[in-house]
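work09.cif follows (mmCIF, C-alpha atoms):
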data_protein
#
loop_
_atom_site.group_PDB
_atom_site.id
_atom_site.type_symbol
_atom_site.label_atom_id
_atom_site.label_comp_id
_atom_site.auth_asym_id
_atom_site.auth_seq_id
_atom_site.Cartn_x
_atom_site.Cartn_y
_atom_site.Cartn_z
ATOM 1 C CA MET A 1 39.918 -1.711 -9.440
ATOM 2 C CA ARG A 2 37.877 -4.600 -10.759
ATOM 3 C CA VAL A 3 38.634 -8.168 -9.696
ATOM 4 C CA PRO A 4 38.303 -10.268 -12.850
ATOM 5 C CA SER A 5 36.888 -13.734 -12.603
ATOM 6 C CA VAL A 6 39.095 -15.450 -15.147
ATOM 7 C CA VAL A 7 41.445 -18.286 -14.400
ATOM 8 C CA PRO A 8 44.579 -16.692 -15.957
ATOM 9 C CA SER A 9 44.324 -13.775 -13.519
ATOM 10 C CA LEU A 10 44.204 -16.148 -10.591
ATOM 11 C CA VAL A 11 47.143 -18.121 -11.922
ATOM 12 C CA PHE A 12 49.095 -14.901 -12.331
ATOM 13 C CA ALA A 13 48.263 -13.760 -8.802
ATOM 14 C CA VAL A 14 49.214 -17.090 -7.312
ATOM 15 C CA GLY A 15 52.387 -17.246 -9.363
ATOM 16 C CA LEU A 16 53.692 -13.909 -8.093
ATOM 17 C CA SER A 17 56.871 -13.978 -6.093
ATOM 18 C CA VAL A 18 57.121 -11.814 -3.060
ATOM 19 C CA ALA A 19 60.392 -9.913 -3.167
ATOM 20 C CA ALA A 20 62.547 -10.123 -0.100
ATOM 21 C CA PRO A 21 62.023 -6.718 1.518
ATOM 22 C CA SER A 22 62.610 -6.553 5.217
ATOM 23 C CA GLY A 23 60.507 -5.696 8.239
ATOM 24 C CA ALA A 24 57.146 -3.968 7.909
ATOM 25 C CA GLN A 25 57.434 -3.684 4.122
ATOM 26 C CA ALA A 26 57.635 -7.485 3.795
ATOM 27 C CA VAL A 27 54.622 -7.939 6.074
ATOM 28 C CA ASP A 28 52.646 -5.333 4.108
ATOM 29 C CA GLU A 29 53.464 -6.969 0.758
ATOM 30 C CA ILE A 30 52.493 -10.425 1.989
ATOM 31 C CA SER A 31 49.302 -9.094 3.593
ATOM 32 C CA SER A 32 48.446 -7.227 0.396
ATOM 33 C CA LEU A 33 48.997 -10.376 -1.655
ATOM 34 C CA ARG A 34 46.813 -12.421 0.710
ATOM 35 C CA LEU A 35 44.059 -9.851 0.429
ATOM 36 C CA LYS A 36 44.280 -9.829 -3.369
ATOM 37 C CA ILE A 37 43.971 -13.619 -3.428
ATOM 38 C CA PHE A 38 41.073 -13.486 -0.944
ATOM 39 C CA PHE A 39 39.123 -11.346 -3.418
ATOM 40 C CA LYS A 40 40.053 -13.698 -6.260
ATOM 41 C CA ILE A 41 38.840 -16.712 -4.258
ATOM 42 C CA MET A 42 35.451 -15.067 -3.813
ATOM 43 C CA THR A 43 35.057 -14.891 -7.592
ATOM 44 C CA TYR A 44 35.301 -18.698 -7.674
ATOM 45 C CA ASP A 45 32.661 -19.256 -4.989
ATOM 46 C CA LEU A 46 29.603 -20.476 -6.843
ATOM 47 C CA ASN A 47 27.439 -19.523 -3.819
ATOM 48 C CA LEU A 48 27.943 -15.789 -4.212
ATOM 49 C CA PRO A 49 24.438 -14.286 -3.919
ATOM 50 C CA ALA A 50 22.887 -13.265 -7.237
ATOM 51 C CA ASP A 51 21.067 -10.217 -5.840
ATOM 52 C CA SER A 52 22.294 -6.744 -6.661
ATOM 53 C CA GLY A 53 23.316 -5.799 -3.119
ATOM 54 C CA ASN A 54 26.794 -5.338 -1.737
ATOM 55 C CA VAL A 55 28.948 -8.303 -0.826
ATOM 56 C CA ARG A 56 29.334 -7.832 2.927
ATOM 57 C CA ILE A 57 32.646 -9.045 4.339
ATOM 58 C CA GLY A 58 33.085 -9.337 8.079
ATOM 59 C CA VAL A 59 36.634 -8.745 9.300
ATOM 60 C CA LEU A 60 36.960 -10.703 12.525
ATOM 61 C CA VAL A 61 39.426 -9.290 15.051
ATOM 62 C CA PRO A 62 39.822 -9.599 18.814
ATOM 63 C CA ARG A 63 38.826 -6.198 20.263
ATOM 64 C CA ARG A 64 42.142 -5.938 22.118
ATOM 65 C CA ASP A 65 43.933 -5.890 18.732
ATOM 66 C CA THR A 66 41.880 -3.203 16.967
ATOM 67 C CA GLY A 67 44.411 -0.515 17.925
ATOM 68 C CA THR A 68 47.540 -2.383 16.868
ATOM 69 C CA ASP A 69 49.757 -1.257 14.004
ATOM 70 C CA GLY A 70 49.144 -4.558 12.225
ATOM 71 C CA TYR A 71 45.380 -4.180 12.265
ATOM 72 C CA ARG A 72 45.542 -0.518 11.247
ATOM 73 C CA ALA A 73 47.715 -1.595 8.298
ATOM 74 C CA LEU A 74 45.155 -4.269 7.342
ATOM 75 C CA ARG A 75 42.340 -1.691 7.440
ATOM 76 C CA GLY A 76 44.457 0.456 5.132
ATOM 77 C CA LEU A 77 44.912 -2.464 2.735
ATOM 78 C CA PHE A 78 41.152 -3.069 2.648
ATOM 79 C CA ALA A 79 40.683 0.660 1.965
ATOM 80 C CA ASN A 80 43.001 0.324 -1.052
ATOM 81 C CA TYR A 81 40.439 -2.074 -2.526
ATOM 82 C CA SER A 82 37.493 0.291 -2.005
ATOM 83 C CA GLY A 83 36.591 0.306 -5.720
ATOM 84 C CA THR A 84 36.959 -3.440 -6.144
ATOM 85 C CA ARG A 85 33.991 -5.434 -7.339
ATOM 86 C CA VAL A 86 33.437 -9.153 -6.866
ATOM 87 C CA LYS A 87 31.631 -10.603 -9.896
ATOM 88 C CA GLY A 88 30.467 -7.094 -10.675
ATOM 89 C CA LYS A 89 29.172 -6.463 -7.155
ATOM 90 C CA PRO A 90 30.662 -3.880 -4.791
ATOM 91 C CA PHE A 91 31.804 -5.085 -1.412
ATOM 92 C CA GLU A 92 31.339 -3.596 2.016
ATOM 93 C CA ILE A 93 33.650 -4.185 4.966
ATOM 94 C CA VAL A 94 32.116 -4.702 8.396
ATOM 95 C CA GLU A 95 34.474 -4.843 11.374
ATOM 96 C CA LEU A 96 33.532 -7.606 13.812
ATOM 97 C CA ALA A 97 35.515 -6.893 16.986
ATOM 98 C CA TYR A 98 34.880 -9.362 19.784
ATOM 99 C CA ASP A 99 35.965 -9.921 23.375
ATOM 100 C CA ARG A 100 35.021 -13.608 23.733
ATOM 101 C CA PRO A 101 34.517 -16.263 21.052
ATOM 102 C CA GLN A 102 30.952 -16.813 22.303
ATOM 103 C CA GLU A 103 30.094 -13.395 20.785
ATOM 104 C CA ILE A 104 31.054 -14.406 17.236
ATOM 105 C CA PRO A 105 27.739 -16.081 16.201
ATOM 106 C CA ALA A 106 25.612 -13.072 17.192
ATOM 107 C CA LEU A 107 28.032 -10.600 15.587
ATOM 108 C CA ALA A 108 28.006 -12.487 12.277
ATOM 109 C CA ALA A 109 24.223 -12.951 12.232
ATOM 110 C CA LYS A 110 23.575 -9.279 13.023
ATOM 111 C CA ALA A 111 26.052 -8.065 10.367
ATOM 112 C CA GLY A 112 24.393 -10.055 7.566
ATOM 113 C CA ILE A 113 27.723 -10.988 6.020
ATOM 114 C CA TYR A 114 28.561 -13.301 3.137
ATOM 115 C CA SER A 115 32.199 -13.895 4.049
ATOM 116 C CA LEU A 116 34.363 -13.828 7.152
ATOM 117 C CA PHE A 117 37.976 -12.649 6.898
ATOM 118 C CA VAL A 118 39.779 -14.006 9.977
ATOM 119 C CA THR A 119 42.680 -11.747 10.950
ATOM 120 C CA SER A 120 46.029 -13.146 12.011
ATOM 121 C CA SER A 121 45.468 -12.046 15.624
ATOM 122 C CA VAL A 122 42.551 -14.467 16.073
ATOM 123 C CA PRO A 123 43.849 -17.305 18.268
ATOM 124 C CA ALA A 124 43.473 -20.940 17.239
ATOM 125 C CA SER A 125 41.333 -21.486 20.347
ATOM 126 C CA ASP A 126 38.581 -19.332 18.770
ATOM 127 C CA VAL A 127 38.371 -21.301 15.508
ATOM 128 C CA ALA A 128 35.704 -23.722 16.804
ATOM 129 C CA ALA A 129 33.306 -20.790 17.355
ATOM 130 C CA ILE A 130 34.145 -19.422 13.901
ATOM 131 C CA VAL A 131 33.562 -22.764 12.179
ATOM 132 C CA SER A 132 30.280 -23.308 14.011
ATOM 133 C CA THR A 133 29.132 -19.828 12.968
ATOM 134 C CA ALA A 134 30.253 -20.331 9.363
ATOM 135 C CA ASN A 135 28.357 -23.602 9.092
ATOM 136 C CA LYS A 136 25.180 -22.125 10.577
ATOM 137 C CA GLU A 137 25.286 -18.862 8.596
ATOM 138 C CA ARG A 138 26.733 -20.457 5.405
ATOM 139 C CA LEU A 139 29.775 -18.147 5.376
ATOM 140 C CA LEU A 140 32.899 -18.360 3.257
ATOM 141 C CA THR A 141 35.795 -18.126 5.718
ATOM 142 C CA PHE A 142 39.312 -17.014 4.899
ATOM 143 C CA ALA A 143 42.244 -16.994 7.323
ATOM 144 C CA GLU A 144 45.008 -14.436 7.111
ATOM 145 C CA ALA A 145 47.123 -17.013 9.011
ATOM 146 C CA ALA A 146 47.047 -20.129 6.817
ATOM 147 C CA ASP A 147 47.674 -22.475 9.750
ATOM 148 C CA LEU A 148 44.031 -21.888 10.790
ATOM 149 C CA VAL A 149 42.845 -23.597 7.583
ATOM 150 C CA VAL A 150 43.880 -26.952 9.024
ATOM 151 C CA LEU A 151 41.646 -26.200 12.038
ATOM 152 C CA GLY A 152 38.527 -25.657 9.929
ATOM 153 C CA ILE A 153 38.688 -22.317 8.121
ATOM 154 C CA ASP A 154 37.683 -22.715 4.439
ATOM 155 C CA ALA A 155 40.690 -21.093 2.760
ATOM 156 C CA GLY A 156 43.885 -19.148 3.225
ATOM 157 C CA VAL A 157 47.200 -18.400 1.583
ATOM 158 C CA GLU A 158 50.494 -19.835 2.715
ATOM 159 C CA VAL A 159 53.798 -18.349 1.610
ATOM 160 C CA ILE A 160 56.593 -20.813 0.987
ATOM 161 C CA ASP A 161 59.960 -19.638 -0.351
ATOM 162 C CA ALA A 162 58.401 -16.237 -1.065
ATOM 163 C CA ARG A 163 55.693 -17.811 -3.236
ATOM 164 C CA PRO A 164 52.031 -17.784 -2.276
ATOM 165 C CA ARG A 165 49.846 -20.848 -2.514
ATOM 166 C CA ILE A 166 46.130 -21.112 -1.870
ATOM 167 C CA VAL A 167 45.147 -23.648 0.776
ATOM 168 C CA ILE A 168 41.587 -24.972 0.890
ATOM 169 C CA ASN A 169 40.075 -27.142 3.595
ATOM 170 C CA ALA A 170 37.664 -29.189 1.437
ATOM 171 C CA GLY A 171 35.778 -30.628 4.420
ATOM 172 C CA ALA A 172 35.302 -27.207 6.012
ATOM 173 C CA ALA A 173 34.221 -25.641 2.714
ATOM 174 C CA LYS A 174 31.638 -28.378 2.169
ATOM 175 C CA ALA A 175 30.335 -28.061 5.745
ATOM 176 C CA SER A 176 29.842 -24.299 5.332
ATOM 177 C CA GLY A 177 27.985 -24.843 2.060
ATOM 178 C CA ARG A 178 30.675 -23.669 -0.323
ATOM 179 C CA ALA A 179 30.653 -24.781 -3.945
ATOM 180 C CA LEU A 180 34.026 -23.751 -5.318
ATOM 181 C CA ASP A 181 34.849 -23.695 -9.002
ATOM 182 C CA SER A 182 37.065 -26.614 -10.052
ATOM 183 C CA ALA A 183 39.493 -24.125 -11.624
ATOM 184 C CA LEU A 184 40.275 -22.849 -8.150
ATOM 185 C CA ILE A 185 40.497 -26.333 -6.662
ATOM 186 C CA GLY A 186 43.066 -27.283 -9.316
ATOM 187 C CA LEU A 187 45.366 -24.457 -8.232
ATOM 188 C CA ALA A 188 45.189 -24.985 -4.482
ATOM 189 C CA ARG A 189 46.691 -27.288 -1.900
ATOM 190 C CA ILE A 190 43.691 -29.231 -0.648
ATOM 191 C CA ILE A 191 43.263 -30.365 2.947
ATOM 192 C CA HIS A 192 40.630 -33.046 3.542
#

Give the structure from the file, written as structure tokens.
Amino acid sequence: MRVPSVVPSLVFAVGLSVAAPSGAQAVDEISSLRLKIFFKIMTYDLNLPADSGNVRIGVLVPRRDTGTDGYRALRGLFANYSGTRVKGKPFEIVELAYDRPQEIPALAAKAGIYSLFVTSSVPASDVAAIVSTANKERLLTFAEAADLVVLGIDAGVEVIDARPRIVINAGAAKASGRALDSALIGLARIIH
């Protein structure tokens, strides 16, 4: 699957309604939609490296949650995107499991990642370490739980009345060195 970098595709993805299935199916559909939008957001990041290497994405998860059903489902969703390309470049997923937030900077630096996908099990108390790391390493950060965007994560997707909406923390994005295409900014709810 190729992730196109055209505005109409993003508008279509953001305009999708999530049907009202119940239980795990609803969670899977919302998680899948968030992941799809995460890949779309990357196509609008003007800082995406121009080299021919893989786009390395770090998936940040507390180690205690790596065996949960929710995280296994997320790994499966990432696997569904294994053929996806971001601006023509293949991506590579690197799991960053941590015990304490103090470990996050070293994990990110060692992994050589471009972007950090923050799973929903990451507590709000760990966001300061994530933001500090993102600013130092110049990482695009995306939160599976959109409430973390207010705390300093660059972007996320909130679902209101079964409709997704991109949320961007403009101050956080600027601090981490992001230059986002104005087409994306026009579609998102901006937090300053």

- Asp154 in chain A: which residues within 7 Å, counting all atoms listed in the file, same-chain residues fewer than 5 positions away excluded, as a ChimeraX atom specification? /A:140-142,149,168-169,172-173

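If you look at CA of Phe91 in chain A and CA of Ile57 in chain A, they are 7.0 Å away from each other.
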
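Protein and nucleic acid residues near (27.8, -23.3, 8.6) are Ile130, Val131, Ser132, Thr133, Ala134, Asn135, Lys136, Glu137, Arg138, Leu139, Leu140, Thr141, Ala172, Ala173, Lys174, Ala175, Ser176, Gly177 and Arg178 of chain A, the criterion being any atom at most 10 Å away using only C-alpha atoms.
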
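The closest residue to Val118 in chain A, picked from A:Ile153, A:Val167, A:Ala146, A:Leu60 and counting all atoms listed in the file, is A:Leu60.
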
- Using all atoms listed in the file: which of A:Leu46, A:Asn54, A:Ser121, A:Ala79 has the shortest distance to Gly67 in chain A: A:Ser121

- Task: Run through the PyMOL selection byres ((chain A and resi 157) around 12) on the given coordinates and return the selected residues as an NGL selection string.
- Result: :A and (13-14 or 30-41 or 120 or 142-150 or 153-156 or 158-160 or 162-169 or 187-190)

- The residue from A:Met42, A:Gly171, A:Thr66, A:Asp126 with the smallest atom-to-atom distance to Thr84 in chain A, counting all atoms listed in the file, is A:Met42

- Query: Taking all atoms listed in the file into account, which of A:Arg100, A:Lys87, A:Lys110, A:His192 comes nearest Asn47 in chain A?
  - Reply: A:Lys87
